[in-house]
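K.L.:
Data: structure_39.pdb, PDB, C-alpha atoms.
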ATOM      1  CA  MET A   1       9.236   6.649  -6.210
ATOM      2  CA  ASN A   2       7.439   3.918  -8.148
ATOM      3  CA  LYS A   3       6.083   1.223  -5.859
ATOM      4  CA  GLU A   4       4.677  -2.096  -7.025
ATOM      5  CA  ILE A   5       2.322  -3.868  -4.658
ATOM      6  CA  VAL A   6       1.687  -7.592  -5.037
ATOM      7  CA  ILE A   7      -1.454  -9.182  -3.598
ATOM      8  CA  GLU A   8      -1.655 -12.961  -3.392
ATOM      9  CA  MET A   9      -3.295 -15.783  -1.503
ATOM     10  CA  ILE A  10      -0.959 -18.568  -0.479
ATOM     11  CA  GLU A  11      -1.869 -22.238  -0.108
ATOM     12  CA  SER A  12      -2.882 -21.789   3.552
ATOM     13  CA  LYS A  13      -5.442 -19.167   2.364
ATOM     14  CA  ASP A  14      -3.552 -16.366   4.126
ATOM     15  CA  ILE A  15      -3.418 -13.194   2.035
ATOM     16  CA  ILE A  16      -0.016 -11.573   1.559
ATOM     17  CA  ILE A  17       0.316  -7.951   0.488
ATOM     18  CA  SER A  18       3.930  -7.199  -0.361
ATOM     19  CA  MET A  19       5.964  -4.511  -2.032
ATOM     20  CA  ARG A  20       8.398  -5.551  -4.753
ATOM     21  CA  ASP A  21      12.011  -4.782  -3.849
ATOM     22  CA  SER A  22      11.101  -4.588  -0.162
ATOM     23  CA  GLU A  23      10.822  -7.035   2.702
ATOM     24  CA  GLN A  24       7.817  -5.125   3.990
ATOM     25  CA  ASN A  25       4.465  -6.940   3.875
ATOM     26  CA  ILE A  26       1.066  -7.359   5.456
ATOM     27  CA  VAL A  27      -0.295 -10.825   6.261
ATOM     28  CA  ILE A  28      -4.045 -11.243   6.567
ATOM     29  CA  GLU A  29      -4.575 -14.611   8.177
ATOM     30  CA  LYS A  30      -7.265 -17.014   6.998
ATOM     31  CA  ASN A  31      -8.888 -17.222  10.434
ATOM     32  CA  ASP A  32      -8.684 -13.490  11.181
ATOM     33  CA  ARG A  33      -9.485 -11.453   8.081
ATOM     34  CA  LYS A  34      -8.702  -8.068   9.627
ATOM     35  CA  ILE A  35      -6.586  -5.209   8.397
ATOM     36  CA  ASN A  36      -6.340  -1.770   9.956
ATOM     37  CA  ALA A  37      -5.561   1.700   8.692
ATOM     38  CA  LYS A  38      -2.292   1.986  10.615
ATOM     39  CA  ASN A  39      -0.939  -1.209   9.034
ATOM     40  CA  ILE A  40      -1.870   0.073   5.586
ATOM     41  CA  TYR A  41      -0.357   3.517   6.226
ATOM     42  CA  ASP A  42       2.890   2.054   7.558
ATOM     43  CA  PHE A  43       3.088  -0.428   4.683
ATOM     44  CA  LEU A  44       2.568   2.187   1.949
ATOM     45  CA  ASP A  45       5.332   4.378   3.429
ATOM     46  CA  PHE A  46       4.021   7.367   1.481
ATOM     47  CA  SER A  47       6.198  10.212   0.240
ATOM     48  CA  ILE A  48       5.177  13.063  -2.058
ATOM     49  CA  ASP A  49       5.315  11.975  -5.756
ATOM     50  CA  ASP A  50       5.088   8.228  -5.000
ATOM     51  CA  THR A  51       3.208   6.215  -7.593
ATOM     52  CA  TYR A  52       1.652   2.804  -7.059
ATOM     53  CA  LYS A  53       1.069  -0.147  -9.374
ATOM     54  CA  TYR A  54      -0.773  -3.333  -8.408
ATOM     55  CA  ASP A  55      -0.265  -6.958  -9.323
ATOM     56  CA  VAL A  56      -2.960  -9.413  -8.214
ATOM     57  CA  ILE A  57      -1.769 -13.010  -8.444
ATOM     58  CA  PRO A  58      -4.811 -15.037  -9.592
ATOM     59  CA  CYS A  59      -5.990 -17.999  -7.507
ATOM     60  CA  ASP A  60      -7.404 -21.333  -8.623
ATOM     61  CA  SER A  61     -10.761 -20.222  -7.232
ATOM     62  CA  PRO A  62     -12.454 -17.285  -8.997
ATOM     63  CA  LYS A  63     -14.072 -16.380  -5.659
ATOM     64  CA  ASP A  64     -10.651 -16.029  -3.989
ATOM     65  CA  THR A  65      -9.342 -13.975  -6.904
ATOM     66  CA  LYS A  66     -12.345 -11.652  -6.533
ATOM     67  CA  VAL A  67     -11.444 -11.126  -2.849
ATOM     68  CA  LEU A  68      -7.914 -10.123  -3.863
ATOM     69  CA  GLU A  69      -9.261  -7.764  -6.519
ATOM     70  CA  LYS A  70     -11.519  -6.079  -3.945
ATOM     71  CA  LEU A  71      -8.522  -5.665  -1.649
ATOM     72  CA  ARG A  72      -6.574  -4.136  -4.555
ATOM     73  CA  ASP A  73      -9.478  -1.745  -5.191
ATOM     74  CA  LEU A  74      -9.416  -0.653  -1.538
ATOM     75  CA  LEU A  75      -5.661  -0.021  -1.583
ATOM     76  CA  LYS A  76      -5.882   1.717  -4.958
ATOM     77  CA  SER A  77      -8.581   4.081  -3.682
ATOM     78  CA  ILE A  78      -6.213   5.076  -0.857
ATOM     79  CA  THR A  79      -3.113   5.480  -3.019
ATOM     80  CA  ASP A  80      -5.033   7.395  -5.694
ATOM     81  CA  GLN A  81      -5.795  10.006  -3.053
ATOM     82  CA  PHE A  82      -2.113  10.111  -2.062
ATOM     83  CA  SER A  83      -1.104  10.472  -5.695
ATOM     84  CA  ASP A  84      -3.343  13.515  -6.061
ATOM     85  CA  ILE A  85      -1.011  15.409  -3.738
ATOM     86  CA  HIS A  86       1.282  17.459  -5.972
ATOM     87  CA  LEU A  87       3.391  20.472  -5.189
ATOM     88  CA  GLU A  88       4.668  23.172  -7.472
ATOM     89  CA  GLU A  89       8.421  23.236  -8.079
ATOM     90  CA  LYS A  90       8.625  26.449  -6.058
ATOM     91  CA  ASP A  91       7.356  24.486  -3.074
ATOM     92  CA  VAL A  92      10.372  22.178  -2.834
ATOM     93  CA  GLU A  93      11.087  23.341   0.696
ATOM     94  CA  MET A  94       7.506  22.549   1.728
ATOM     95  CA  LYS A  95       7.765  19.144   0.043
ATOM     96  CA  GLU A  96      10.883  18.302   2.042
ATOM     97  CA  GLU A  97       9.196  19.478   5.233
ATOM     98  CA  LEU A  98       6.072  17.360   4.531
ATOM     99  CA  ASN A  99       8.188  14.295   3.822
ATOM    100  CA  GLY A 100      10.057  14.895   7.077
ATOM    101  CA  ILE A 101       6.784  15.093   8.984
ATOM    102  CA  LEU A 102       5.487  11.914   7.341
ATOM    103  CA  GLN A 103       8.704  10.071   8.160
ATOM    104  CA  SER A 104       8.744  11.264  11.786
ATOM    105  CA  GLU A 105       5.096  10.206  12.247
ATOM    106  CA  GLN A 106       5.941   6.732  11.004
ATOM    107  CA  ARG A 107       8.815   6.456  13.488
ATOM    108  CA  VAL A 108       6.575   7.567  16.365
ATOM    109  CA  LEU A 109       3.769   5.150  15.467
TER     110      LEU A 109
END
Would you mind writing the file's structure down as structure tokens?
P.N.:
Amino acid sequence: MNKEIVIEMIESKDIIISMRDSEQNIVIEKNDRKINAKNIYDFLDFSIDDTYKYDVIPCDSPKDTKVLEKLRDLLKSITDQFSDIHLEEKDVEMKEELNGILQSEQRVL
């Protein structure tokens, strides 16, 4: 599945990471600039053969835009590693099993 991730900073200086065509997002608040691996993993909702594209919405401040670009680079480094996971056509059964495991882990977490 092709997934497009949008990274923007709203007027309040909170950073919003959202997925087009989904209500799913991550909010990084201005006063608490923390993000954790579990939030990222849940947000990306990875399945075998997913691809990711990024759209950074520029800010008025070049410094703020640079922060968003660094965040994009972090997410891209993670999704590039996901995207390297490929299975041969003969491994369709394994692919379905892996996707089932990934989905069940997300429900448990």
K.L.:
With distances taken over all atoms listed in the file, which residue among A:Ile48, A:Val67, A:Ala37, A:Cys59 lies nearest A:Asp84?
P.N.:
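Closest to A:Asp84 of all the choices is A:Ile48.
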K.L.:
When the PyMOL selection byres ((chain A and resi 28-31) around 9) is applied to the structure above, which residues does it catch, written out as a PyMOL selection string?
P.N.:
chain A and resi 12-17+26-27+32-35
K.L.:
Can you work out which one of A:Asp42, A:Asp60, A:Glu8, A:Asp73 has the shortest atom-to-atom distance to A:Leu102, counting all atoms listed in the file?
P.N.:
A:Asp42
K.L.:
When you look at stretch 21-25 of chain A with a cut-off of 10 Å (counting only C-alpha atoms), what residues show up, excluding the ones that are within fewer than 4 positions of it in the same chain? I need them as a list of chain:residue names.
P.N.:
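Here the qualifying residues turn out to be A:Lys3, A:Glu4, A:Ile5, A:Val6, A:Ile7, A:Ile16, A:Ile17, A:Asn39, A:Ile40, A:Asp42, A:Phe43, A:Leu44, A:Asp45.
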K.L.:
What is the distance, in Å and to one decimal place, between atom CA of A:Glu11 and atom CA of A:Ser77?
P.N.:
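Value for the atom CA of A:Glu11-atom CA of A:Ser77 distance: 27.4 Å.
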K.L.:
Report the distance between atom CA of A:Met94 and atom CA of A:Thr51 in Å, rounded to one decimal place.
P.N.:
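Separating atom CA of A:Met94 from atom CA of A:Thr51 is a distance of 19.3 Å.
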